[in-house]
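Data file: entry33.csv. Format and content: CSV, C-alpha atoms.
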```csv
chain,number,residue,atom,x,y,z
B,673,MET,CA,-2.1,-49.6,10.1
B,674,LEU,CA,-0.3,-48.7,6.8
B,675,LEU,CA,-1.7,-51.0,4.1
B,676,LEU,CA,1.0,-51.4,1.5
B,677,GLY,CA,0.5,-52.8,-1.9
B,678,GLY,CA,-2.0,-55.7,-1.9
B,679,CYS,CA,-3.6,-54.6,1.3
B,680,ALA,CA,-5.5,-56.8,3.8
B,681,ALA,CA,-8.8,-55.1,2.8
B,682,THR,CA,-8.5,-56.3,-0.8
B,683,THR,CA,-6.6,-59.5,-0.7
B,684,GLN,CA,-8.2,-61.3,2.2
B,685,THR,CA,-11.8,-62.5,2.6
B,686,PRO,CA,-14.0,-60.7,5.1
B,687,ASP,CA,-13.8,-63.8,7.3
B,688,SER,CA,-10.0,-63.8,7.4
B,689,ILE,CA,-10.0,-60.1,8.2
B,690,LYS,CA,-12.3,-60.9,11.1
B,691,SER,CA,-10.0,-63.6,12.5
B,692,ALA,CA,-6.8,-61.7,12.0
B,693,PRO,CA,-7.2,-58.4,13.7
B,694,ALA,CA,-5.4,-55.4,12.2
B,695,ALA,CA,-3.6,-55.1,15.5
B,696,ALA,CA,-1.2,-57.8,14.4
B,697,ALA,CA,0.1,-55.7,11.6
B,698,HIS,CA,2.4,-53.6,13.8
B,699,LYS,CA,3.0,-52.6,17.4
B,700,ARG,CA,1.6,-49.2,18.3
B,701,ASP,CA,3.1,-46.7,20.8
B,702,LEU,CA,0.1,-44.6,21.9
B,703,ALA,CA,2.2,-42.1,23.9
B,704,GLN,CA,4.3,-41.5,20.8
B,705,GLU,CA,1.2,-41.2,18.6
B,706,GLU,CA,-0.2,-38.6,21.0
B,707,ARG,CA,3.1,-36.6,20.8
B,708,ASN,CA,2.8,-36.8,17.0
B,709,LEU,CA,-0.8,-35.5,17.3
B,710,ALA,CA,0.3,-32.6,19.6
B,711,LEU,CA,3.0,-31.7,17.0
B,712,VAL,CA,0.5,-31.7,14.2
B,713,LEU,CA,-2.1,-29.6,16.1
B,714,ASN,CA,0.7,-27.2,17.0
B,715,PHE,CA,2.0,-27.0,13.4
B,716,SER,CA,-1.6,-26.4,12.1
B,717,GLU,CA,-2.2,-23.6,14.6
B,718,ILE,CA,1.2,-21.9,13.8
B,719,VAL,CA,1.0,-22.2,10.0
B,720,PHE,CA,-2.7,-22.3,9.1
B,721,ASN,CA,-4.0,-19.9,11.8
B,722,LYS,CA,-1.1,-17.7,13.0
B,723,HIS,CA,0.3,-17.8,9.5
B,724,ASP,CA,3.8,-17.9,11.0
B,725,LEU,CA,5.9,-19.5,8.3
B,726,VAL,CA,9.2,-18.7,10.0
B,727,LEU,CA,8.3,-20.8,13.0
B,728,GLY,CA,6.4,-23.4,10.9
B,729,LYS,CA,9.5,-23.9,8.7
B,730,THR,CA,11.4,-25.2,11.8
B,731,MET,CA,8.8,-27.9,12.3
B,732,MET,CA,9.2,-29.4,8.8
B,733,THR,CA,11.9,-31.6,7.3
B,734,GLU,CA,13.7,-29.9,4.3
B,735,SER,CA,12.7,-32.8,2.1
B,736,TYR,CA,9.0,-32.6,3.1
B,737,ILE,CA,7.2,-35.0,0.7
B,738,GLN,CA,4.1,-33.4,-0.9
B,739,HIS,CA,1.2,-35.3,-2.3
B,740,ASN,CA,-1.2,-32.4,-2.8
B,741,PRO,CA,-1.2,-32.2,-6.6
B,742,HIS,CA,-1.2,-28.4,-6.7
B,743,VAL,CA,2.0,-28.0,-4.8
B,744,ALA,CA,5.6,-29.1,-5.7
B,745,SER,CA,7.4,-31.4,-3.3
B,746,GLY,CA,9.8,-30.1,-0.6
B,747,ARG,CA,9.6,-27.7,2.3
B,748,ALA,CA,10.6,-24.6,0.3
B,749,ALA,CA,7.9,-25.2,-2.3
B,750,PHE,CA,5.2,-25.5,0.4
B,751,LEU,CA,6.3,-22.3,2.1
B,752,THR,CA,6.3,-20.4,-1.2
B,753,PHE,CA,2.8,-21.8,-2.0
B,754,PHE,CA,1.3,-21.0,1.3
B,755,ALA,CA,2.8,-17.5,1.6
B,756,LYS,CA,0.8,-16.8,-1.6
B,757,VAL,CA,-2.4,-18.3,-0.1
B,758,ILE,CA,-2.0,-16.0,3.0
B,759,ALA,CA,-1.3,-12.9,0.9
B,760,GLU,CA,-4.5,-13.6,-1.1
B,761,HIS,CA,-6.6,-14.7,1.9
B,762,PRO,CA,-5.4,-13.1,5.1
B,763,GLN,CA,-8.5,-14.4,6.9
B,764,ALA,CA,-7.7,-18.1,6.1
B,765,HIS,CA,-8.4,-20.2,9.1
B,766,ALA,CA,-8.4,-24.0,9.7
B,767,GLU,CA,-10.4,-25.5,12.6
B,768,VAL,CA,-9.4,-29.1,13.4
B,769,VAL,CA,-12.7,-30.8,14.2
B,770,ARG,CA,-11.5,-34.4,14.9
B,771,SER,CA,-8.3,-36.4,14.5
B,772,ALA,CA,-6.9,-39.9,14.5
B,773,THR,CA,-3.4,-41.5,14.6
B,774,ASP,CA,-1.6,-44.6,13.6
B,775,GLY,CA,2.1,-45.1,14.1
B,776,ASP,CA,3.8,-42.1,12.5
B,777,LEU,CA,0.7,-40.9,10.8
B,778,VAL,CA,-1.7,-38.2,12.0
B,779,PHE,CA,-5.1,-37.6,10.3
B,780,VAL,CA,-7.0,-34.3,11.0
B,781,HIS,CA,-10.5,-33.5,9.7
B,782,VAL,CA,-10.5,-29.7,9.1
B,783,ARG,CA,-13.1,-27.0,8.5
B,784,SER,CA,-11.2,-24.4,6.4
B,785,THR,CA,-12.7,-20.9,6.1
B,786,GLY,CA,-11.7,-17.5,4.9
B,787,GLY,CA,-10.5,-18.7,1.5
B,788,ALA,CA,-11.8,-18.6,-2.0
B,789,SER,CA,-14.7,-21.1,-1.4
B,790,LYS,CA,-17.8,-19.1,-0.1
B,791,ASN,CA,-19.1,-21.9,2.1
B,792,GLY,CA,-15.6,-23.0,3.3
B,793,VAL,CA,-13.9,-26.2,2.6
B,794,ALA,CA,-13.9,-29.7,4.2
B,795,LEU,CA,-10.5,-31.4,4.1
B,796,VAL,CA,-8.5,-34.1,5.7
B,797,ASN,CA,-4.8,-33.5,6.1
B,798,ILE,CA,-2.6,-36.6,6.7
B,799,PHE,CA,0.9,-35.9,8.1
B,800,ARG,CA,3.7,-38.3,8.6
B,801,VAL,CA,6.0,-37.4,11.5
B,802,GLU,CA,9.7,-38.3,11.5
B,803,ASN,CA,11.9,-37.6,14.5
B,804,GLY,CA,9.6,-34.8,15.7
B,805,LYS,CA,9.2,-33.0,12.4
B,806,ILE,CA,6.5,-33.0,9.7
B,807,ALA,CA,8.0,-35.1,6.9
B,808,GLU,CA,5.2,-35.9,4.5
B,809,HIS,CA,1.7,-34.7,3.6
B,810,TRP,CA,-1.4,-36.0,1.8
B,811,ASP,CA,-4.7,-34.3,1.7
B,812,VAL,CA,-8.2,-34.6,0.2
B,813,VAL,CA,-10.1,-31.3,-0.3
B,814,GLN,CA,-13.8,-30.6,-1.0
B,815,PRO,CA,-15.7,-27.3,-1.1
B,816,VAL,CA,-18.7,-27.3,1.1
B,817,PRO,CA,-21.7,-27.2,-1.3
B,818,ASP,CA,-24.6,-24.8,-1.1
B,819,THR,CA,-27.2,-27.5,-0.3
B,820,SER,CA,-27.2,-30.9,1.4
B,821,ASN,CA,-29.5,-33.9,1.4
B,822,ASN,CA,-29.1,-34.1,5.2
B,823,GLU,CA,-29.1,-31.7,8.1
B,824,ASN,CA,-25.9,-33.0,9.6
B,825,THR,CA,-23.3,-30.6,8.0
B,826,MET,CA,-20.0,-32.1,6.6
B,827,PHE,CA,-18.5,-31.8,10.1
J,1390,MET,CA,-9.0,-37.0,20.2
J,1391,LEU,CA,-12.4,-35.5,19.3
J,1392,LEU,CA,-12.1,-31.7,19.4
J,1393,LEU,CA,-15.4,-30.4,20.4
J,1394,GLY,CA,-16.5,-26.8,20.1
J,1395,GLY,CA,-13.6,-24.4,20.9
J,1396,CYS,CA,-10.9,-27.0,20.2
J,1397,ALA,CA,-7.4,-27.0,21.6
J,1398,ALA,CA,-5.9,-26.1,18.2
J,1399,THR,CA,-7.8,-22.8,18.1
J,1400,THR,CA,-8.3,-21.8,21.7
J,1401,GLN,CA,-4.9,-22.5,23.2
J,1402,THR,CA,-1.6,-20.9,22.3
J,1403,PRO,CA,1.0,-23.1,20.6
J,1404,ASP,CA,3.0,-23.2,23.8
J,1405,SER,CA,0.1,-24.4,25.9
J,1406,ILE,CA,-0.6,-27.2,23.4
J,1407,LYS,CA,3.1,-28.2,23.7
J,1408,SER,CA,2.9,-28.4,27.4
J,1409,ALA,CA,-0.5,-30.1,27.6
J,1410,PRO,CA,-0.3,-33.2,25.4
J,1411,ALA,CA,-3.5,-34.3,23.6
J,1412,ALA,CA,-3.2,-37.6,25.4
J,1413,ALA,CA,-4.8,-36.0,28.5
J,1414,ALA,CA,-8.0,-35.4,26.6
J,1415,HIS,CA,-9.3,-38.9,27.0
J,1416,LYS,CA,-8.2,-42.5,27.7
J,1417,ARG,CA,-7.7,-44.6,24.7
J,1418,ASP,CA,-8.2,-48.4,24.4
J,1419,LEU,CA,-5.9,-49.5,21.6
J,1420,ALA,CA,-7.3,-53.0,21.4
J,1421,GLN,CA,-10.8,-51.7,21.0
J,1422,GLU,CA,-9.6,-49.2,18.4
J,1423,GLU,CA,-8.0,-52.0,16.4
J,1424,ARG,CA,-11.3,-54.0,16.6
J,1425,ASN,CA,-13.1,-50.9,15.3
J,1426,LEU,CA,-10.5,-50.7,12.4
J,1427,ALA,CA,-11.0,-54.3,11.6
J,1428,LEU,CA,-14.8,-53.8,11.4
J,1429,VAL,CA,-14.4,-50.8,9.1
J,1430,LEU,CA,-12.0,-52.7,6.8
J,1431,ASN,CA,-14.4,-55.6,6.7
J,1432,PHE,CA,-17.4,-53.3,6.0
J,1433,SER,CA,-15.4,-51.5,3.3
J,1434,GLU,CA,-14.6,-54.8,1.6
J,1435,ILE,CA,-18.1,-56.1,1.8
J,1436,VAL,CA,-19.9,-53.0,0.7
J,1437,PHE,CA,-17.5,-51.1,-1.6
J,1438,ASN,CA,-15.8,-54.1,-3.2
J,1439,LYS,CA,-18.0,-57.1,-2.9
J,1440,HIS,CA,-21.1,-54.9,-3.3
J,1441,ASP,CA,-22.9,-57.1,-0.8
J,1442,LEU,CA,-25.5,-54.7,0.6
J,1443,VAL,CA,-27.5,-57.4,2.3
J,1444,LEU,CA,-24.5,-58.3,4.5
J,1445,GLY,CA,-23.4,-54.7,4.7
J,1446,LYS,CA,-26.8,-53.7,6.1
J,1447,THR,CA,-26.3,-55.9,9.1
J,1448,MET,CA,-23.1,-54.0,10.0
J,1449,MET,CA,-24.8,-50.6,10.2
J,1450,THR,CA,-27.1,-49.0,12.8
J,1451,GLU,CA,-30.5,-48.2,11.5
J,1452,SER,CA,-30.1,-44.6,12.5
J,1453,TYR,CA,-26.7,-44.3,10.6
J,1454,ILE,CA,-25.9,-40.6,10.6
J,1455,GLN,CA,-24.8,-39.4,7.2
J,1456,HIS,CA,-22.6,-36.3,6.7
J,1457,ASN,CA,-21.9,-36.7,2.9
J,1458,PRO,CA,-24.0,-33.9,1.5
J,1459,HIS,CA,-25.2,-36.0,-1.5
J,1460,VAL,CA,-26.9,-38.6,0.6
J,1461,ALA,CA,-29.8,-38.4,3.1
J,1462,SER,CA,-29.3,-39.6,6.6
J,1463,GLY,CA,-30.1,-43.1,7.8
J,1464,ARG,CA,-29.1,-46.6,6.8
J,1465,ALA,CA,-32.0,-47.1,4.3
J,1466,ALA,CA,-31.0,-43.9,2.4
J,1467,PHE,CA,-27.4,-45.0,2.2
J,1468,LEU,CA,-28.3,-48.5,0.9
J,1469,THR,CA,-30.6,-47.0,-1.8
J,1470,PHE,CA,-28.0,-44.5,-2.8
J,1471,PHE,CA,-25.2,-47.0,-3.1
J,1472,ALA,CA,-27.3,-49.6,-4.9
J,1473,LYS,CA,-27.7,-47.0,-7.6
J,1474,VAL,CA,-23.9,-46.3,-7.6
J,1475,ILE,CA,-23.3,-50.1,-8.1
J,1476,ALA,CA,-25.9,-50.4,-10.9
J,1477,GLU,CA,-24.3,-47.5,-12.8
J,1478,HIS,CA,-20.7,-48.5,-12.0
J,1479,PRO,CA,-20.4,-52.2,-11.4
J,1480,GLN,CA,-16.6,-52.0,-11.5
J,1481,ALA,CA,-16.5,-49.6,-8.5
J,1482,HIS,CA,-13.7,-50.5,-6.2
J,1483,ALA,CA,-12.2,-48.9,-3.1
J,1484,GLU,CA,-8.6,-49.6,-2.0
J,1485,VAL,CA,-7.8,-48.6,1.6
J,1486,VAL,CA,-4.3,-47.2,1.4
J,1487,ARG,CA,-3.8,-46.1,5.0
J,1488,SER,CA,-5.9,-45.7,8.2
J,1489,ALA,CA,-5.9,-44.2,11.6
J,1490,THR,CA,-8.0,-44.5,14.8
J,1491,ASP,CA,-9.1,-42.5,17.8
J,1492,GLY,CA,-11.6,-43.7,20.3
J,1493,ASP,CA,-14.7,-44.7,18.4
J,1494,LEU,CA,-13.5,-43.1,15.2
J,1495,VAL,CA,-11.8,-44.8,12.2
J,1496,PHE,CA,-10.3,-42.8,9.3
J,1497,VAL,CA,-9.4,-44.6,6.1
J,1498,HIS,CA,-7.6,-43.0,3.1
J,1499,VAL,CA,-9.1,-44.6,0.0
J,1500,ARG,CA,-8.2,-44.8,-3.7
J,1501,SER,CA,-11.6,-45.2,-5.5
J,1502,THR,CA,-11.7,-46.5,-9.1
J,1503,GLY,CA,-14.2,-47.7,-11.6
J,1504,GLY,CA,-16.6,-44.8,-11.1
J,1505,ALA,CA,-17.4,-41.7,-13.1
J,1506,SER,CA,-14.1,-39.9,-12.6
J,1507,LYS,CA,-11.6,-41.0,-15.2
J,1508,ASN,CA,-8.5,-40.8,-13.0
J,1509,GLY,CA,-10.3,-42.2,-10.0
J,1510,VAL,CA,-11.0,-40.4,-6.8
J,1511,ALA,CA,-9.1,-39.8,-3.6
J,1512,LEU,CA,-11.2,-39.8,-0.4
J,1513,VAL,CA,-11.1,-40.1,3.3
J,1514,ASN,CA,-14.0,-41.9,5.0
J,1515,ILE,CA,-14.4,-41.3,8.7
J,1516,PHE,CA,-16.6,-43.8,10.5
J,1517,ARG,CA,-17.9,-43.8,14.1
J,1518,VAL,CA,-18.4,-47.2,15.6
J,1519,GLU,CA,-21.0,-47.9,18.2
J,1520,ASN,CA,-21.4,-51.3,19.9
J,1521,GLY,CA,-19.7,-53.1,17.0
J,1522,LYS,CA,-21.7,-51.3,14.2
J,1523,ILE,CA,-21.1,-48.5,11.9
J,1524,ALA,CA,-23.1,-45.6,13.3
J,1525,GLU,CA,-22.0,-42.4,11.6
J,1526,HIS,CA,-20.0,-41.3,8.5
J,1527,TRP,CA,-18.2,-38.3,7.3
J,1528,ASP,CA,-16.2,-38.0,4.1
J,1529,VAL,CA,-14.1,-35.7,1.9
J,1530,VAL,CA,-13.9,-36.6,-1.8
J,1531,GLN,CA,-11.6,-35.2,-4.5
J,1532,PRO,CA,-11.2,-36.4,-8.1
J,1533,VAL,CA,-7.6,-37.2,-9.0
J,1534,PRO,CA,-6.6,-34.4,-11.5
J,1535,ASP,CA,-4.9,-35.1,-14.9
J,1536,THR,CA,-1.7,-33.4,-13.9
J,1537,SER,CA,0.2,-32.8,-10.7
J,1538,ASN,CA,3.0,-30.4,-9.5
J,1539,ASN,CA,4.8,-33.3,-8.0
J,1540,GLU,CA,5.6,-37.0,-8.8
J,1541,ASN,CA,4.3,-38.4,-5.6
J,1542,THR,CA,0.6,-39.2,-6.5
J,1543,MET,CA,-2.2,-38.4,-4.2
J,1544,PHE,CA,-1.6,-41.7,-2.4
```

Could you take the file, read its structure, and then write that structure out as structure tokens?
Amino acid sequence: MLLLGGCAATTQTPDSIKSAPAAAAHKRDLAQEERNLALVLNFSEIVFNKHDLVLGKTMMTESYIQHNPHVASGRAAFLTFFAKVIAEHPQAHAEVVRSATDGDLVFVHVRSTGGASKNGVALVNIFRVENGKIAEHWDVVQPVPDTSNNENTMF
Amino acid sequence: MLLLGGCAATTQTPDSIKSAPAAAAHKRDLAQEERNLALVLNFSEIVFNKHDLVLGKTMMTESYIQHNPHVASGRAAFLTFFAKVIAEHPQAHAEVVRSATDGDLVFVHVRSTGGASKNGVALVNIFRVENGKIAEHWDVVQPVPDTSNNENTMF
């Protein structure tokens, strides 16, 4: 469910949320969502593990909309940025631990290793799929700390 | 799709992922997933916006499994932790911008404001729902930086 502007969670009372399930917001096509997920898993493997930017490029829209604040928008800017990451960190690897979908959105929870952060990084990538290509990307990124107040790991 | 251990994204070739859609991994019950989403939106509103920990407590399992490294595991530890957050930041507010589901998992992409970070915080909360209660929590948290290389915001 994409929550635009004044979203249900903030403008309705808890009771009204209970009585108006989020399912009403839009019709979901699970088979299409699973195809979108398969595309994102494939893209993640090709780009973030195989480091094959030539093939990866074919899976993205040219206008790829970027929300990561460290990267300019557009496919070309991402490819330039990530080529530098690979050159600096040839062991960079991303393990998708769990995922979820909604409409044209795919969320993947990722354990990223082989980069600058000694304990690795926890991140969630959110991709929007448009006509079988990756069209938009948000992420949230957090280095795994040295210590934790629980024994459960971040994953 | 929960990707356990050697997950599809890392143990299969891209071609085999293409030919074996993730849908085969498990059967999904969309109506149940939407009920889980409604529960999580309700819980988020009650706890993170209304700051009603008495009601929030009733929506969590006592054994609530915590993966946020700053908080001990268990429901009681979370309630103690978040009571302190509220006391220090009474304006703390969490807007769910988008969400996704998979089986018993609900992912929510959140814009958090009113806390210690001057530009607010981007985060993804992942909750596992068990018998209508919040049973487990992972998150990834990133302060919104002062500047960005694109005009799209982190949301």

Pairwise distance for atom CA of Tyr1453 of chain J and atom CA of Lys1522 of chain J, rounded to one decimal in Å: 9.3 Å

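Picture a line from atom CA of Gly728 of chain B to atom CA of Trp810 of chain B; it runs 17.4 Å.
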
Hey, what's within 7 Å of Arg747 of chain B if we count only C-alpha atoms and toss same-chain stuff fewer than 2 positions away? As a PyMOL selection string, please? chain B and resi 732-736+749-751

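Once Val1460 of chain J and its same-chain neighbours fewer than 2 positions away are set aside, Ser820, Asn821 and Asn822 of chain B; Gln1455, His1456, Asn1457, Pro1458, Ser1462, Ala1466, Phe1467 and Phe1470 of chain J remain within 9 Å of it when counting all atoms listed in the file.
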
Given all atoms listed in the file as the counted atoms, nearest of J:Val1499, J:Val1533, J:Ala1483, J:Ala1461 to chain B: J:Ala1461

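All polymer residues at most 9 Å from (-5.7, -44.5, 7.6), using only C-alpha atoms, appear as B:Met673, B:Leu674, B:Leu675, B:Ala772, B:Thr773, B:Asp774, B:Leu777, B:Val778, B:Phe779, B:Ile798, J:Val1485, J:Val1486, J:Arg1487, J:Ser1488, J:Ala1489, J:Thr1490, J:Val1495, J:Phe1496, J:Val1497, J:His1498, J:Val1499, J:Val1513.
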
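Distances from J:Glu1484, J:Gly1492, J:Thr1502, J:Ala1476 to Arg1417 of chain J were compared using all atoms listed in the file, and the smallest one belongs to J:Gly1492.
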
Which of these, J:Met1448, J:Ala1511, J:Ala1465, J:Ala1472, has the shortest distance to chain B once you count all atoms listed in the file? J:Ala1511

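Across the model, the gap from atom CA of Ser716 of chain B to atom CA of Asn797 of chain B is 9.8 Å.
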
Name the residues in contact with His1440 of chain J at a cut-off of 9 Å, using only C-alpha atoms, excluding same-chain residues fewer than 3 positions from it; report them as an MDAnalysis selection string. chainID J and resid 1434:1437 1443 1445 1471:1472 1475 1479 1481

Between B:Ile806, B:Leu725, B:Val813, B:Ile737, single out the one closest to Leu713 of chain B, counting all atoms listed in the file. B:Ile806

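Proximity to chain B was assessed for J:Thr1469, J:Gln1480, J:Ser1501, J:Asn1438 counting only C-alpha atoms; the smallest distance is recorded for J:Asn1438.
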
For chain J, the nearest of the candidates B:His742, B:Arg783, B:Arg800, B:Lys699, counting all atoms listed in the file: B:His742
